[in-house]
There are 2 protein chains.
Amino acid sequence: MNMKDPINVGLLGCGTVGSGVADYLLGTGGEKAHIRLSRVAVADLSKARELHFEYITNDVNEVLEDPDIHIIVELIGGENPALKYIQRAFENGKSVVTANKAVVSRHMKELLEEARRRSVNFAFEASVAGSIPIIRVLRGLRGEKIRKVTGILNGTSNYVLSRMEEGMDFEHALRSAQLKGFAEAEHLLDTGGFDARDKLAIVASLISNTPVTPNQIYCEGITEVTPIDLDFASKYGTEEGDSGYAVKSLASAELVEEQLFLYVYPALIRKDHPLASVRNERNAVYIEGEYCGPQLVEGLGAGRRPTTSAVVSDLLRVADCLRQGISEDLPQLESNIRIGDIRKVTRRGYVRMNLRHVPGSLSEASRILAQHGFNIEDSLQRRRFRTQVNGETVIPDIVTVEPLSYEIVEEALEALGESDRVLGRPFFLRFES
Amino acid sequence: MNMKDPINVGLLGCGTVGSGVADYLLGTGGEKAHIRLSRVAVADLSKARELHFEYITNDVNEVLEDPDIHIIVELIGGENPALKYIQRAFENGKSVVTANKAVVSRHMKELLEEARRRSVNFAFEASVAGSIPIIRVLRGLRGEKIRKVTGILNGTSNYVLSRMEEGMDFEHALRSAQLKGFAEAEHLLDTGGFDARDKLAIVASLISNTPVTPNQIYCEGITEVTPIDLDFASKYGTEEGDSGYAVKSLASAELVEEQLFLYVYPALIRKDHPLASVRNERNAVYIEGEYCGPQLVEGLGAGRRPTTSAVVSDLLRVADCLRQGISEDLPQLESNIRIGDIRKVTRRGYVRMNLRHVPGSLSEASRILAQHGFNIEDSLQRRRFRTQVNGETVIPDIVTVEPLSYEIVEEALEALGESDRVLGRPFFLRFES
């Protein structure tokens with residue numbers, strides 16, 4: 001194959017990103033790169049589409065079985081039937097470019113092995129953090145030991161937290177995100193941390209060279225974070241000249257003595273940490289490597305154009321490989337690094353609880369915390385945050401505690417929840433840095 | 001060549017970075033990647049070295065002419081004789097990995113052409129911004145139009161400005177940088193902007209696909225910046241609820257209507273811009289692309305380990321190409337984008353001048369500025385910044401002005417400098433955002 005020979009692309013799915021990629025390929029971008037959009041398969045032909053293109057079909061096999069197509073770009077999303085389509089593409093000797101985090105996070109190793117066996121390519125830059133070239137960057141660092149990767153990988157959660165920083169409560173912040181098109185009606189995939197968890201599984205697999213799947217990752221969403229937490233965080237420690245803290249939903253993979261610790265949860269992060277200033281719908285990944293040191297990559301994590309950017313980046317590289325008759329050096333995931341128990345890791349944190357506004361409540365809560373070995377650092381109650389819970393006035397109380405394992409924290413939270421001096425569920429937030 | 005066949009590396013230069021790379025290759029890194037350090041050439045054998053390695057020579061030809069060596073890693077720095085050595089390596093069919101910004105920024109096109117002609121590889125990630133994978137990231141974005149790249153590309157300058165933010169004057173800040181090992185005794189290469197200019201030439205060449213050399217880039221250092229500027233910047237606009245500004249030495253390439261505008265100069269940048277929070281010796285590159293949108297990559301821009309990280313990243317990729325018997329898709333630099341005249345571009349900015357502390361000085365200065373078409377927005381004089389110039393008390397005066405071309409600004413500065421009401425040279429600082 002000559003460097004200028006056209007590469008034929010079959011597109012599966014023509015939604016937000018699919019139509020972006022189609023537009024790119026049908027425009028000057030495809031022409032310059034000698035990459036031709038051959039066929040597009042969609043689920044429903046009757047849906048009105050902006051795309052003016054004659055080879056649209058609702059029969060996915062017309063694309064998958066077309067012998068002239070070199071690369072399948074899979075943009076239908078969701079685990080099934082996308083997985084089947086990708087496997088079929090490999091069987092037919094085609095390379096695959098995908099943005100599908102559900103498939104990649106659950107089947108990365110088997111798909112990479114299959115691609116290697118068939119000498120085709122499998123590229124998934126767009127499956128993590130949109131336009132941020134995190135896969136490319138991590139592949140570039142494969143010669144060194146990455147100690148830790150910490151990401152802000154869900155734009156919706158980050159947007160919601162940014163609004164809450166301004167005083168909005170969760171419901172209003174979420175509504176604002178939905179109006180801006182950053183959040184779906186079904187928001188729990190995002191705000192519950194599950195979207196970030198899929199992406200983290202992919203990142204963790206790459207840095208550990210071990211297959212990691214989403215169900216191995218501890219996951220906590222941001223639905224219980226309140227503006228009280230953001231306010232507390234912002235001021236905490238500033239009296240002693242500290243920078244204060246932001247609350248961010250972090251997705252992190254850390255290698256400690258041949259064990260991999262994984263989590264998605266909201267946490268307090270110092271305002272002078274580069275991740276603290278990542279605002280609104282933006283995503284970012286903070287990488288700590290043995291040689292490269294700390295490194296931040298920040299950008300747009302979702303949306304038509306940013307995701308198209310990542311798909312096109314993969315497409316150009318895969319096309320280049322095809323023309324040279326080679327397959328890329330795909331990740332092996334051949335290591336066997338053990339997943340550590342995140343609940344046994346100790347972290348500093350704070351407990352926020354709604355204390356009954358009657359004498360002795362704080363003393364009773366303190367007694368329970370002490371019973372579980374909590375060593376209280378600071379205790380804070382602010383009148384202006386008083387609120388009504390079940391018709392009763394409560395003032396949220398925040399106590400910061402020295403590092404404890406989450407196992408113990410959970411027991412304490414349960415005991416607090418059972419006390420008649422505490423209304424509703426107490427909430428625990430960790431310090432990240 | 002088999003995937004596990006050892007690749008032999010010849011190293012030219014064994015200073016800070018060279019010894020880092022040697023350590024890496026002689027350790028588990030080289031073993032895992034099946035990359036072997038064969039020979040090292042140094043200028044002076046008598047220099048005490050930490051490196052324990054038997055094949056060290058002071059005859060560069062023993063490395064360049066060794067038929068068993070596949071890749072030359074050139075880390076001697078400086079344009080000559082490094083250029084000659086790289087060319088010789090190509091002639092001998094060897095690929096080259098280099099960290100040499102002086103050579104790459106001045107000879108990129110001819111070296112890429114020579115590498116292509118000989119079907120070898122030429123990689124220079126380490127020549128720009130140390131561990132930050134900017135070449136890799138920009139190559140990944142080659143399918144889209146990059147509108148602008150703005151970098152903090154010189155760690156010394158950024159460190160000095162960070163100290164000046166805390167109130168230190170230039171001399172003390174520079175001394176502090178020298179004590180920390182971030183600045184050389186000969187600091188003008190860094191503080192004069194010339195180091196950043198070389199790096200910008202490389203970045204600009206890649207985004208425009210046009211050969212750009214350092215002498216085509218407007219360049220102004222940070223030596224005339226004072227703590228007064230940092231203080232003014234930090235507060236400017238905050239009364240109206242604005243974020244205030246930081247002063248950063250920026251290296252920027254911008255494509256406007258098929259013209260490329262290039263500059264290195266200190267500028268005021270809004271504190272909520274991602275580049276404003278890049279502190280100390282850190283480097284960063286802010287990329288604005290048509291599809292990817294704004295993107296930031298931040299990390300360590302110099303030093304033994306970060307630069308080794310970039311060299312190793314290139315080395316692994318080049319070794320992979322060799323094993324597959326292919327050469328990379330090297331940049332062509334075949335476009336012919338015109339370099340625009342940065343002095344004709346209009347920018348908002350401010351003039352800081354030392355006015356004689358006698359009646360009528362400000363009125364005289366204002367008259368001169370008005371004569372040159374300056375439309376003054378704000379005028380500020382702060383008693384606490386009064387200083388002595390030639391034994392006379394002066395209070396620096398800062399006036400912000402609406403956008404003007406630098407051509408006109410220069411004329412005005414000259415006229416001000418000639419006025420007997422103004423002591424010393426007036427200073428102009430631009431707003432970036």
# chains A, B, ... in the order shown; residues from 1 in each chain; ligands from 1
$ select_by_dssp --residues "range 273-328 of chain A" --states "alpha helix (DSSP H)" --output "MDAnalysis selection string"
chainID A and resid 304:324
$ write_last_selection --atoms "C-alpha atoms" --output "PDB file, in the first residue's frame"
ATOM      1  CA  ARG A 304     -18.650  16.553  19.492  1.00  0.00           C
ATOM      2  CA  ARG A 305     -15.489  18.378  18.455  1.00  0.00           C
ATOM      3  CA  PRO A 306     -13.114  17.354  21.283  1.00  0.00           C
ATOM      4  CA  THR A 307     -14.044  13.691  20.910  1.00  0.00           C
ATOM      5  CA  THR A 308     -13.791  13.944  17.127  1.00  0.00           C
ATOM      6  CA  SER A 309     -10.284  15.319  17.660  1.00  0.00           C
ATOM      7  CA  ALA A 310      -9.287  12.187  19.567  1.00  0.00           C
ATOM      8  CA  VAL A 311     -10.905   9.830  17.022  1.00  0.00           C
ATOM      9  CA  VAL A 312      -9.154  11.616  14.146  1.00  0.00           C
ATOM     10  CA  SER A 313      -5.809  11.457  15.958  1.00  0.00           C
ATOM     11  CA  ASP A 314      -6.172   7.670  16.253  1.00  0.00           C
ATOM     12  CA  LEU A 315      -7.437   7.377  12.710  1.00  0.00           C
ATOM     13  CA  LEU A 316      -4.400   9.126  11.224  1.00  0.00           C
ATOM     14  CA  ARG A 317      -2.017   6.921  13.174  1.00  0.00           C
ATOM     15  CA  VAL A 318      -3.847   3.709  12.328  1.00  0.00           C
ATOM     16  CA  ALA A 319      -4.024   4.709   8.651  1.00  0.00           C
ATOM     17  CA  ASP A 320      -0.303   5.384   8.722  1.00  0.00           C
ATOM     18  CA  CYS A 321       0.355   1.922  10.169  1.00  0.00           C
ATOM     19  CA  LEU A 322      -1.800   0.322   7.477  1.00  0.00           C
ATOM     20  CA  ARG A 323       0.077   2.086   4.719  1.00  0.00           C
ATOM     21  CA  GLN A 324       3.387   0.946   6.176  1.00  0.00           C
TER      22      GLN A 324
END
$ residues_around --residues "Tyr265 in chain B" --least-positions-apart "2" --cutoff "8 Å" --atoms "only C-alpha atoms" --output "list in words"
Gly193, Cys219, Glu220, Gly221, Ile222, Ser249, Leu250, Ala251, Tyr263 and Ala267 of chain B
$ select_by_dssp --residues "range 121-284 of chain A" --states "strand (DSSP E)" --output "PyMOL selection string"
chain A and resi 122-123+146-152+218-219+245-256+259-270+282-284
$ residues_around --residues "Leu161 in chain A" --least-positions-apart "4" --cutoff "7 Å" --atoms "only C-alpha atoms" --output "list in words"
Ser157, Glu165 and Lys248 of chain A
$ write_last_selection --atoms "all heavy atoms" --output "PDB file, in the first residue's frame"
ATOM      1  N   SER A 157     -19.692  16.021  36.592  1.00  0.00           N
ATOM      2  CA  SER A 157     -19.430  16.148  38.031  1.00  0.00           C
ATOM      3  C   SER A 157     -18.610  17.388  38.316  1.00  0.00           C
ATOM      4  O   SER A 157     -18.862  18.113  39.287  1.00  0.00           O
ATOM      5  CB  SER A 157     -18.675  14.923  38.551  1.00  0.00           C
ATOM      6  OG  SER A 157     -19.464  13.773  38.413  1.00  0.00           O
ATOM      7  N   GLU A 165     -19.403  25.415  44.199  1.00  0.00           N
ATOM      8  CA  GLU A 165     -18.392  26.306  44.786  1.00  0.00           C
ATOM      9  C   GLU A 165     -18.933  27.726  44.899  1.00  0.00           C
ATOM     10  O   GLU A 165     -18.525  28.497  45.757  1.00  0.00           O
ATOM     11  CB  GLU A 165     -17.151  26.347  43.872  1.00  0.00           C
ATOM     12  CG  GLU A 165     -15.909  25.761  44.487  1.00  0.00           C
ATOM     13  CD  GLU A 165     -14.755  25.719  43.506  1.00  0.00           C
ATOM     14  OE1 GLU A 165     -14.486  26.741  42.834  1.00  0.00           O
ATOM     15  OE2 GLU A 165     -14.119  24.645  43.398  1.00  0.00           O
ATOM     16  N   LYS A 248     -13.104  18.070  44.645  1.00  0.00           N
ATOM     17  CA  LYS A 248     -13.118  17.565  43.275  1.00  0.00           C
ATOM     18  C   LYS A 248     -13.460  16.089  43.293  1.00  0.00           C
ATOM     19  O   LYS A 248     -13.074  15.372  44.220  1.00  0.00           O
ATOM     20  CB  LYS A 248     -11.723  17.737  42.643  1.00  0.00           C
ATOM     21  CG  LYS A 248     -11.311  19.185  42.446  1.00  0.00           C
ATOM     22  CD  LYS A 248     -12.073  19.805  41.295  1.00  0.00           C
ATOM     23  CE  LYS A 248     -11.759  21.273  41.116  1.00  0.00           C
ATOM     24  NZ  LYS A 248     -12.701  21.907  40.182  1.00  0.00           N
TER      25      LYS A 248
END
$ atom_distance --atom1 "CA of Asp66 in chain A" --atom2 "CA of Ile86 in chain A"
14.1 Å
$ atom_distance --atom1 "CA of Cys14 in chain A" --atom2 "CA of Ala99 in chain A"
12.6 Å
$ closest_residue --among "B:Pro396, B:Pro133, B:Gly151, B:Gly192" --to "chain A" --atoms "only C-alpha atoms"
B:Pro133
$ atom_distance --atom1 "CA of Leu37 in chain B" --atom2 "CA of Lys4 in chain B"
15.5 Å
$ residues_around --residues "Val345 in chain A" --least-positions-apart "6" --cutoff "8 Å" --atoms "only C-alpha atoms" --output "list in words"
Leu404, Ser405 and Tyr406 of chain A
$ residues_around --residues "Val97 in chain A" --least-positions-apart "6" --cutoff "6 Å" --atoms "only C-alpha atoms" --output "CSV table (one decimal) with N, CA and C atoms, in the first residue's frame"
chain,number,residue,atom,x,y,z
A,73,VAL,N,-14.7,2.6,12.6
A,73,VAL,CA,-14.8,3.6,13.7
A,73,VAL,C,-16.1,3.3,14.4
A,122,PHE,N,-5.9,-1.5,17.2
A,122,PHE,CA,-7.0,-1.2,18.1
A,122,PHE,C,-6.7,0.1,18.8
A,123,ALA,N,-7.4,1.1,18.6
A,123,ALA,CA,-7.1,2.4,19.2
A,123,ALA,C,-8.3,3.0,19.9
A,124,PHE,N,-8.1,3.6,21.0
A,124,PHE,CA,-9.2,4.0,21.9
A,124,PHE,C,-8.9,5.3,22.6
$ closest_residue --among "B:Ile376, B:Ile398, B:Ala102, B:Val9" --to "Val63 in chain B" --atoms "only C-alpha atoms"
B:Val9
$ residues_around --residues "Pro211 in chain A" --least-positions-apart "2" --cutoff "12 Å" --atoms "only C-alpha atoms" --output "ChimeraX atom specification"
/A:104-113,200-209,213-216,260,331-339
$ residues_around --residues "Ala233 in chain B" --least-positions-apart "6" --cutoff "8 Å" --atoms "only C-alpha atoms" --output "PyMOL selection string"
chain B and resi 244-247+268
$ write_last_selection --atoms "all heavy atoms" --output "PDB file, in the first residue's frame"
ATOM      1  N   GLY B 244      -7.486  39.636  38.376  1.00  0.00           N
ATOM      2  CA  GLY B 244      -6.115  40.138  38.454  1.00  0.00           C
ATOM      3  C   GLY B 244      -5.246  39.436  37.429  1.00  0.00           C
ATOM      4  O   GLY B 244      -5.711  38.540  36.710  1.00  0.00           O
ATOM      5  N   TYR B 245      -3.980  39.818  37.360  1.00  0.00           N
ATOM      6  CA  TYR B 245      -3.096  39.296  36.325  1.00  0.00           C
ATOM      7  C   TYR B 245      -1.793  38.771  36.913  1.00  0.00           C
ATOM      8  O   TYR B 245      -1.340  39.242  37.954  1.00  0.00           O
ATOM      9  CB  TYR B 245      -2.771  40.395  35.315  1.00  0.00           C
ATOM     10  CG  TYR B 245      -3.958  40.803  34.486  1.00  0.00           C
ATOM     11  CD1 TYR B 245      -4.921  41.671  35.003  1.00  0.00           C
ATOM     12  CD2 TYR B 245      -4.130  40.301  33.206  1.00  0.00           C
ATOM     13  CE1 TYR B 245      -6.038  42.037  34.259  1.00  0.00           C
ATOM     14  CE2 TYR B 245      -5.242  40.668  32.447  1.00  0.00           C
ATOM     15  CZ  TYR B 245      -6.191  41.529  32.982  1.00  0.00           C
ATOM     16  OH  TYR B 245      -7.272  41.877  32.234  1.00  0.00           O
ATOM     17  N   ALA B 246      -1.199  37.813  36.225  1.00  0.00           N
ATOM     18  CA  ALA B 246       0.162  37.399  36.519  1.00  0.00           C
ATOM     19  C   ALA B 246       1.043  37.922  35.389  1.00  0.00           C
ATOM     20  O   ALA B 246       0.546  38.255  34.309  1.00  0.00           O
ATOM     21  CB  ALA B 246       0.244  35.883  36.598  1.00  0.00           C
ATOM     22  N   VAL B 247       2.344  38.024  35.637  1.00  0.00           N
ATOM     23  CA  VAL B 247       3.284  38.357  34.563  1.00  0.00           C
ATOM     24  C   VAL B 247       4.065  37.090  34.237  1.00  0.00           C
ATOM     25  O   VAL B 247       4.671  36.480  35.121  1.00  0.00           O
ATOM     26  CB  VAL B 247       4.251  39.481  34.983  1.00  0.00           C
ATOM     27  CG1 VAL B 247       5.246  39.771  33.857  1.00  0.00           C
ATOM     28  CG2 VAL B 247       3.480  40.748  35.341  1.00  0.00           C
ATOM     29  N   LEU B 268       1.158  40.319  30.567  1.00  0.00           N
ATOM     30  CA  LEU B 268       0.146  40.201  31.622  1.00  0.00           C
ATOM     31  C   LEU B 268      -0.882  39.166  31.189  1.00  0.00           C
ATOM     32  O   LEU B 268      -1.442  39.265  30.092  1.00  0.00           O
ATOM     33  CB  LEU B 268      -0.545  41.552  31.814  1.00  0.00           C
ATOM     34  CG  LEU B 268       0.350  42.685  32.313  1.00  0.00           C
ATOM     35  CD1 LEU B 268      -0.190  44.024  31.830  1.00  0.00           C
ATOM     36  CD2 LEU B 268       0.451  42.639  33.823  1.00  0.00           C
TER      37      LEU B 268
END
$ closest_residue --among "A:Val399, A:Leu12, A:Leu380, A:Val351" --to "Arg425 in chain A" --atoms "only C-alpha atoms"
A:Val351
$ closest_residue --among "A:Thr223, A:Lys148, A:Leu25, A:Ser162" --to "Ser176 in chain A" --atoms "only C-alpha atoms"
A:Ser162
$ decode --residues "range 164-185 of chain A" --atoms "N, CA, C and O atoms" --output "mmCIF file, in the first residue's frame"
data_model
loop_
_atom_site.group_PDB
_atom_site.id
_atom_site.type_symbol
_atom_site.label_atom_id
_atom_site.label_comp_id
_atom_site.auth_asym_id
_atom_site.auth_seq_id
_atom_site.Cartn_x
_atom_site.Cartn_y
_atom_site.Cartn_z
ATOM 1 N N MET A 164 -21.384 24.482 42.619
ATOM 2 C CA MET A 164 -21.591 24.403 44.068
ATOM 3 C C MET A 164 -20.567 25.253 44.811
ATOM 4 O O MET A 164 -20.845 25.753 45.900
ATOM 5 N N GLU A 165 -19.403 25.415 44.199
ATOM 6 C CA GLU A 165 -18.392 26.306 44.786
ATOM 7 C C GLU A 165 -18.933 27.726 44.899
ATOM 8 O O GLU A 165 -18.525 28.497 45.757
ATOM 9 N N GLU A 166 -19.853 28.043 43.966
ATOM 10 C CA GLU A 166 -20.441 29.389 43.970
ATOM 11 C C GLU A 166 -21.666 29.459 44.876
ATOM 12 O O GLU A 166 -22.363 30.467 44.893
ATOM 13 N N GLY A 167 -21.962 28.355 45.576
ATOM 14 C CA GLY A 167 -23.046 28.385 46.549
ATOM 15 C C GLY A 167 -24.310 27.638 46.148
ATOM 16 O O GLY A 167 -25.220 27.472 46.951
ATOM 17 N N MET A 168 -24.415 27.209 44.879
ATOM 18 C CA MET A 168 -25.596 26.449 44.446
ATOM 19 C C MET A 168 -25.636 25.098 45.164
ATOM 20 O O MET A 168 -24.601 24.506 45.416
ATOM 21 N N ASP A 169 -26.861 24.615 45.419
ATOM 22 C CA ASP A 169 -26.928 23.251 45.955
ATOM 23 C C ASP A 169 -26.873 22.252 44.798
ATOM 24 O O ASP A 169 -26.910 22.626 43.623
ATOM 25 N N PHE A 170 -26.769 20.970 45.129
ATOM 26 C CA PHE A 170 -26.572 19.943 44.113
ATOM 27 C C PHE A 170 -27.667 19.957 43.044
ATOM 28 O O PHE A 170 -27.381 19.917 41.853
ATOM 29 N N GLU A 171 -28.922 20.047 43.492
ATOM 30 C CA GLU A 171 -30.042 19.984 42.546
ATOM 31 C C GLU A 171 -29.985 21.121 41.525
ATOM 32 O O GLU A 171 -30.155 20.904 40.328
ATOM 33 N N HIS A 172 -29.729 22.337 42.018
ATOM 34 C CA HIS A 172 -29.673 23.481 41.103
ATOM 35 C C HIS A 172 -28.462 23.397 40.182
ATOM 36 O O HIS A 172 -28.548 23.712 38.997
ATOM 37 N N ALA A 173 -27.343 22.958 40.733
ATOM 38 C CA ALA A 173 -26.121 22.849 39.930
ATOM 39 C C ALA A 173 -26.325 21.811 38.827
ATOM 40 O O ALA A 173 -25.914 22.006 37.679
ATOM 41 N N LEU A 174 -26.999 20.739 39.185
ATOM 42 C CA LEU A 174 -27.264 19.685 38.199
ATOM 43 C C LEU A 174 -28.193 20.219 37.100
ATOM 44 O O LEU A 174 -27.965 19.979 35.914
ATOM 45 N N ARG A 175 -29.245 20.945 37.525
ATOM 46 C CA ARG A 175 -30.161 21.541 36.557
ATOM 47 C C ARG A 175 -29.372 22.442 35.595
ATOM 48 O O ARG A 175 -29.579 22.411 34.379
ATOM 49 N N SER A 176 -28.468 23.225 36.135
ATOM 50 C CA SER A 176 -27.658 24.119 35.311
ATOM 51 C C SER A 176 -26.816 23.320 34.313
ATOM 52 O O SER A 176 -26.712 23.683 33.135
ATOM 53 N N ALA A 177 -26.259 22.211 34.766
ATOM 54 C CA ALA A 177 -25.468 21.355 33.874
ATOM 55 C C ALA A 177 -26.342 20.760 32.777
ATOM 56 O O ALA A 177 -25.925 20.651 31.619
ATOM 57 N N GLN A 178 -27.580 20.405 33.149
ATOM 58 C CA GLN A 178 -28.482 19.829 32.146
ATOM 59 C C GLN A 178 -28.875 20.872 31.107
ATOM 60 O O GLN A 178 -28.910 20.593 29.908
ATOM 61 N N LEU A 179 -29.121 22.090 31.572
ATOM 62 C CA LEU A 179 -29.489 23.169 30.639
ATOM 63 C C LEU A 179 -28.348 23.459 29.670
ATOM 64 O O LEU A 179 -28.571 23.768 28.509
ATOM 65 N N LYS A 180 -27.116 23.342 30.161
ATOM 66 C CA LYS A 180 -25.954 23.612 29.316
ATOM 67 C C LYS A 180 -25.625 22.430 28.408
ATOM 68 O O LYS A 180 -24.680 22.491 27.619
ATOM 69 N N GLY A 181 -26.337 21.317 28.594
ATOM 70 C CA GLY A 181 -26.082 20.148 27.765
ATOM 71 C C GLY A 181 -24.927 19.292 28.273
ATOM 72 O O GLY A 181 -24.473 18.371 27.596
ATOM 73 N N PHE A 182 -24.445 19.552 29.486
ATOM 74 C CA PHE A 182 -23.336 18.762 30.028
ATOM 75 C C PHE A 182 -23.838 17.530 30.788
ATOM 76 O O PHE A 182 -23.061 16.640 31.106
ATOM 77 N N ALA A 183 -25.133 17.524 31.140
ATOM 78 C CA ALA A 183 -25.637 16.385 31.917
ATOM 79 C C ALA A 183 -26.909 15.843 31.282
ATOM 80 O O ALA A 183 -27.705 16.584 30.708
ATOM 81 N N GLU A 184 -27.065 14.541 31.368
ATOM 82 C CA GLU A 184 -28.262 13.878 30.864
ATOM 83 C C GLU A 184 -29.336 13.914 31.953
ATOM 84 O O GLU A 184 -29.059 14.206 33.120
ATOM 85 N N ALA A 185 -30.575 13.597 31.553
ATOM 86 C CA ALA A 185 -31.638 13.447 32.542
ATOM 87 C C ALA A 185 -31.237 12.332 33.501
ATOM 88 O O ALA A 185 -31.348 12.458 34.722
#
